[in-house]
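Student: model07.txt is the file, holding compact mmCIF, C-alpha atoms and all ligand atoms:
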```txt
# COMPACT_ATOMS: atom_id res chain seq x y z
CA MET A 1 149.60 110.67 80.87
CA ARG A 2 153.14 111.95 81.15
CA SER A 3 155.10 111.85 77.90
CA ILE A 4 158.42 113.08 76.60
CA CYS A 5 159.90 113.58 73.13
CA ILE A 6 163.62 112.81 73.09
CA TYR A 7 165.21 113.57 69.76
CA HIS A 8 168.12 114.68 67.68
CA SER A 9 167.75 117.39 65.04
CA GLU A 10 170.84 118.75 63.36
CA THR A 11 169.15 121.04 60.82
CA GLY A 12 165.69 121.64 62.33
CA THR A 13 163.29 119.32 60.50
CA THR A 14 162.90 116.71 63.26
CA HIS A 15 162.64 119.58 65.75
CA ALA A 16 159.67 121.03 63.81
CA VAL A 17 157.94 117.62 63.72
CA MET A 18 158.52 117.12 67.46
CA ASN A 19 157.24 120.62 68.21
CA GLU A 20 153.91 119.66 66.64
CA VAL A 21 153.81 116.54 68.81
CA VAL A 22 154.58 118.63 71.89
CA ARG A 23 151.72 121.01 71.04
CA SER A 24 149.21 118.27 70.23
CA ILE A 25 149.64 116.12 73.36
CA ALA A 26 151.28 118.59 75.77
CA SER A 27 154.41 116.46 75.90
CA GLU A 28 157.68 117.42 77.50
CA SER A 29 160.59 117.62 75.12
CA LEU A 30 164.32 117.19 75.08
CA ARG A 31 166.49 118.05 72.05
CA VAL A 32 169.79 116.23 72.35
CA ARG A 33 172.97 117.77 70.92
CA ASP A 34 175.97 116.10 69.33
CA LEU A 35 179.13 117.45 71.00
CA ALA A 36 180.96 116.91 67.68
CA GLY A 37 179.54 120.27 66.58
CA TYR A 38 179.25 119.50 62.87
CA SER A 39 179.43 122.05 60.09
CA LYS A 40 177.39 121.48 56.91
CA ALA A 41 180.43 119.82 55.33
CA THR A 42 181.50 117.66 58.28
CA MET A 43 177.93 116.42 58.79
CA PHE A 44 178.35 114.58 55.49
CA LEU A 45 182.10 113.91 55.65
CA LEU A 46 182.15 112.62 59.26
CA GLY A 47 178.55 112.25 60.41
CA ALA A 48 177.26 110.06 57.58
CA PRO A 49 180.09 107.46 57.84
CA ARG A 50 179.67 107.39 61.62
CA ALA A 51 175.95 106.71 61.19
CA LEU A 52 176.75 103.98 58.68
CA LEU A 53 179.02 102.30 61.25
CA GLY A 54 176.39 102.55 64.00
CA ALA A 55 178.66 104.85 66.04
CA HIS A 56 177.52 106.49 69.28
CA ALA A 57 178.02 110.25 69.61
CA ARG A 58 179.08 112.11 72.73
CA ILE A 59 175.83 113.81 73.65
CA GLU A 60 174.40 116.55 75.83
CA PRO A 61 172.49 115.75 78.00
CA SER A 62 174.20 112.40 78.45
CA SER A 63 171.51 110.32 80.16
CA PHE A 64 167.73 110.14 80.36
CA ASP A 65 165.70 108.70 83.20
CA LEU A 66 162.28 107.54 82.04
CA ASP A 67 161.01 106.86 85.55
CA GLY A 68 157.59 108.52 85.88
CA TYR A 69 156.90 108.72 82.14
CA ASP A 70 154.14 106.69 80.45
CA LEU A 71 155.19 107.32 76.86
CA VAL A 72 158.39 108.24 75.05
CA ILE A 73 158.61 109.56 71.49
CA ILE A 74 162.09 109.13 70.05
CA GLY A 75 162.98 111.09 66.91
CA SER A 76 165.92 110.82 64.53
CA PRO A 77 166.98 112.36 61.24
CA VAL A 78 167.90 109.70 58.66
CA TRP A 79 171.65 109.68 58.02
CA ALA A 80 173.00 107.21 55.47
CA SER A 81 169.72 105.25 55.76
CA ARG A 82 170.21 104.87 59.52
CA PRO A 83 169.57 106.62 62.85
CA THR A 84 172.12 109.29 63.70
CA PRO A 85 175.01 108.63 66.15
CA VAL A 86 173.12 110.84 68.64
CA VAL A 87 170.08 108.58 68.52
CA ASN A 88 172.26 105.48 68.88
CA ALA A 89 173.69 107.11 72.01
CA ILE A 90 170.24 108.08 73.30
CA PHE A 91 169.12 104.44 73.29
CA SER A 92 172.25 103.44 75.23
CA SER A 93 171.67 106.20 77.78
CA LEU A 94 168.03 105.46 78.69
CA LYS A 95 167.41 104.50 82.30
CA HIS A 96 164.23 102.67 83.42
CA ALA A 97 163.31 102.01 79.77
CA SER A 98 161.99 98.49 80.27
CA GLY A 99 158.20 98.29 79.93
CA LYS A 100 157.83 101.87 78.64
CA LYS A 101 155.63 102.59 75.64
CA VAL A 102 157.56 104.17 72.76
CA VAL A 103 156.70 105.72 69.40
CA LEU A 104 159.52 105.98 66.88
CA VAL A 105 159.79 108.83 64.37
CA CYS A 106 162.33 109.65 61.68
CA THR A 107 162.53 112.44 59.13
CA SER A 108 164.35 112.30 55.83
CA GLY A 109 164.80 113.87 52.44
CA GLY A 110 163.30 110.80 50.80
CA SER A 111 163.66 107.33 52.23
CA PRO A 112 163.99 106.00 55.79
CA GLY A 113 166.18 103.06 54.69
CA ASN A 114 166.87 100.93 57.78
CA THR A 115 166.34 103.73 60.29
CA LEU A 116 163.03 102.65 61.84
CA LYS A 117 163.98 98.97 61.79
CA ILE A 118 167.20 99.70 63.71
CA MET A 119 165.40 101.98 66.19
CA ASP A 120 162.71 99.33 66.67
CA GLU A 121 165.32 96.65 67.40
CA ARG A 122 167.11 98.92 69.89
CA ALA A 123 163.86 99.78 71.68
CA ARG A 124 162.72 96.15 71.90
CA SER A 125 166.15 95.04 73.13
CA LEU A 126 165.63 97.43 76.07
CA GLY A 127 162.24 95.86 76.82
CA MET A 128 160.24 98.80 75.47
CA GLU A 129 156.81 98.36 73.89
CA VAL A 130 156.85 99.85 70.37
CA LEU A 131 153.39 101.32 69.62
CA GLY A 132 154.16 102.92 66.26
CA ARG A 133 156.80 103.86 63.67
CA PHE A 134 156.58 106.91 61.44
CA HIS A 135 158.69 108.24 58.60
CA ILE A 136 158.05 111.87 57.70
CA ALA A 137 159.70 112.88 54.44
CA HIS A 138 160.26 116.47 53.40
CA SER A 139 160.94 118.02 50.03
CA MET A 140 163.73 120.42 49.05
CA GLN A 141 161.06 123.14 49.00
CA GLY A 142 160.35 122.57 52.69
CA GLY A 143 157.00 120.73 52.35
CA ARG A 144 156.40 117.76 54.66
CA ASP A 145 154.44 114.51 54.43
CA ASP A 146 151.21 115.73 56.09
CA GLU A 147 149.49 112.35 55.84
CA GLU A 148 152.20 110.64 57.94
CA GLN A 149 152.39 113.60 60.35
CA ASN A 150 148.60 113.40 60.87
CA ALA A 151 148.75 109.62 61.36
CA LEU A 152 151.39 110.21 64.06
CA LYS A 153 149.19 112.77 65.82
CA GLU A 154 146.13 110.50 65.66
CA LEU A 155 148.02 107.60 67.22
CA LEU A 156 149.28 109.86 70.01
CA TRP A 157 145.78 111.20 70.71
CA ASP A 158 144.49 107.61 70.88
CA ILE A 159 147.25 106.68 73.33
CA ALA A 160 146.58 109.81 75.40
CA ARG A 161 142.83 108.98 75.58
CA SER A 162 143.33 105.32 76.52
C1 LIG A 201 174.76 113.40 56.93
C2 LIG A 201 173.40 113.30 56.32
C3 LIG A 201 172.98 112.09 55.75
C4 LIG A 201 171.70 111.98 55.20
N1 LIG A 201 171.29 110.78 54.67
C5 LIG A 201 170.04 110.65 54.15
C6 LIG A 201 169.59 109.39 53.62
O1 LIG A 201 170.30 108.37 53.63
N2 LIG A 201 168.34 109.33 53.09
C7 LIG A 201 167.50 110.43 53.07
O2 LIG A 201 166.37 110.31 52.58
N3 LIG A 201 167.87 111.63 53.60
C8 LIG A 201 169.12 111.76 54.14
N4 LIG A 201 169.53 112.96 54.68
C9 LIG A 201 168.55 114.04 54.79
C10 LIG A 201 168.00 114.09 56.24
O3 LIG A 201 167.54 112.83 56.66
C11 LIG A 201 166.80 115.05 56.36
O4 LIG A 201 167.13 116.31 55.84
C12 LIG A 201 166.33 115.13 57.82
O5 LIG A 201 164.99 115.53 57.84
C13 LIG A 201 167.18 116.09 58.63
O6 LIG A 201 166.69 116.18 59.93
P1 LIG A 201 167.08 117.40 60.92
O7 LIG A 201 166.80 118.67 60.14
O8 LIG A 201 166.18 117.24 62.07
O9 LIG A 201 168.53 117.26 61.24
C14 LIG A 201 170.81 113.10 55.21
C15 LIG A 201 171.25 114.31 55.77
C16 LIG A 201 172.52 114.41 56.33
C17 LIG A 201 172.94 115.70 56.96
```
Is it possible to express this structure as structure tokens?
Tutor:
Amino acid sequence: MRSICIYHSETGTTHAVMNEVVRSIASESLRVRDLAGYSKATMFLLGAPRALLGAHARIEPSSFDLDGYDLVIIGSPVWASRPTPVVNAIFSSLKHASGKKVVLVCTSGGSPGNTLKIMDERARSLGMEVLGRFHIAHSMQGGRDDEEQNALKELLWDIARS
């Protein structure tokens, strides 16, 4: 099974979660950057309102061809209870998405809000088959929701075995 994690991570948490996925199912991985180049302050001052409006970021790389992949794992930080502008742009930039299996993941400091619902709607509107949705919360001290992380890994192992 050929799989790829495509994700945004501005401050490293989603990256760490995706790294565990990469290790557990030998997935390929692609961390997508926002060309806005936010500072800590502008992430909140500009990034959060953009997320709230459902804006699409200018991203690098700018398109993703899923031809040849069996499974895609798409990861987003939660910004203002929504996917980030990078992840909105990722969905718009997917080629050959129709019929692909997808697992959706978000990380947050507390609550996913509408993030997974919005990602799910975007994926389905592209004709993708959503196999699972996971929200992995982390604490200020750096701890993560191990139960949800393990549930994500178990689903991916099941998919890889099937
Ligand atoms: C601009 C901004 C908005 C955020 N909004 C929320 C939110 O609405 N709810 C929440 O629980 N966490 C929120 N967070 C916390 C992030 O979702 C959390 O730290 C996430 O794991 C960051 O992922 P990353 O390190 O991969 O960028 C926000 C963080 C930023 C920078």
Student: Could you tell me, counting all atoms listed in the file, which protein and nucleic acid residues lie no more than 7 Å from ligand LIG 201 (chain A), written as an NGL selection string?
Tutor: :A and (8-15 or 43-44 or 47-48 or 76-82 or 107-113 or 137-138)
Student: Output C-alpha atoms of each residue in that selection to a file, as a short mmCIF file (atom, residue, chain, number, x, y, z; two decimals), in the coordinates of the input.
Tutor:
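Contents of the output file result.cif:
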```
data_model
loop_
_atom_site.label_atom_id
_atom_site.label_comp_id
_atom_site.auth_asym_id
_atom_site.auth_seq_id
_atom_site.Cartn_x
_atom_site.Cartn_y
_atom_site.Cartn_z
CA HIS A 8 168.12 114.68 67.68
CA SER A 9 167.75 117.39 65.04
CA GLU A 10 170.84 118.75 63.36
CA THR A 11 169.15 121.04 60.82
CA GLY A 12 165.69 121.64 62.33
CA THR A 13 163.29 119.32 60.50
CA THR A 14 162.90 116.71 63.26
CA HIS A 15 162.64 119.58 65.75
CA MET A 43 177.93 116.42 58.79
CA PHE A 44 178.35 114.58 55.49
CA GLY A 47 178.55 112.25 60.41
CA ALA A 48 177.26 110.06 57.58
CA SER A 76 165.92 110.82 64.53
CA PRO A 77 166.98 112.36 61.24
CA VAL A 78 167.90 109.70 58.66
CA TRP A 79 171.65 109.68 58.02
CA ALA A 80 173.00 107.21 55.47
CA SER A 81 169.72 105.25 55.76
CA ARG A 82 170.21 104.87 59.52
CA THR A 107 162.53 112.44 59.13
CA SER A 108 164.35 112.30 55.83
CA GLY A 109 164.80 113.87 52.44
CA GLY A 110 163.30 110.80 50.80
CA SER A 111 163.66 107.33 52.23
CA PRO A 112 163.99 106.00 55.79
CA GLY A 113 166.18 103.06 54.69
CA ALA A 137 159.70 112.88 54.44
CA HIS A 138 160.26 116.47 53.40
#
```
Student: Can you work out which one of A:Asp65, A:Glu129, A:Glu148, A:Asp70 has the shortest atom-to-atom distance to Cys106 in chain A, counting only C-alpha atoms?
Tutor: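 Using only C-alpha atoms, the shortest distance to Cys106 in chain A belongs to A:Glu148.
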Student: Please provide as a VMD selection string all residues within 12 Å of Glu154 in chain A, with the sequence filter that same-chain residues fewer than 6 positions apart are discarded (counting all atoms listed in the file).
Tutor: chain A and resid 21 24 to 25 132 134 147 to 148 160 to 161
Student: Check which residues of range 51-96 of chain A sit at most 8 Å from range 26-37 of chain A using all atoms listed in the file, and return one row each with the closest pair of atoms and their distance in Å to one decimal, ordered by chain and rising number, as CSV.
Tutor:
```
residue,atom,partner,partner_atom,distance
A:Ala57,CA,A:Asp34,CA,6.2
A:Arg58,CA,A:Leu35,CA,5.6
A:Ile59,CA,A:Asp34,CA,4.9
A:Glu60,CA,A:Arg33,CA,5.3
A:Pro61,CA,A:Val32,CA,6.3
A:Val86,CA,A:Asp34,CA,6.0
```
Student: For range 78-89 of chain A, what centre and edge lengths in Å (one decimal) does the axis-aligned box get once 8 Å is added on each side of all its listed atoms, as JSON?
Tutor:
```
{"center_x": 171.5, "center_y": 107.9, "center_z": 63.7, "size_x": 23.1, "size_y": 22.0, "size_z": 32.5}
```
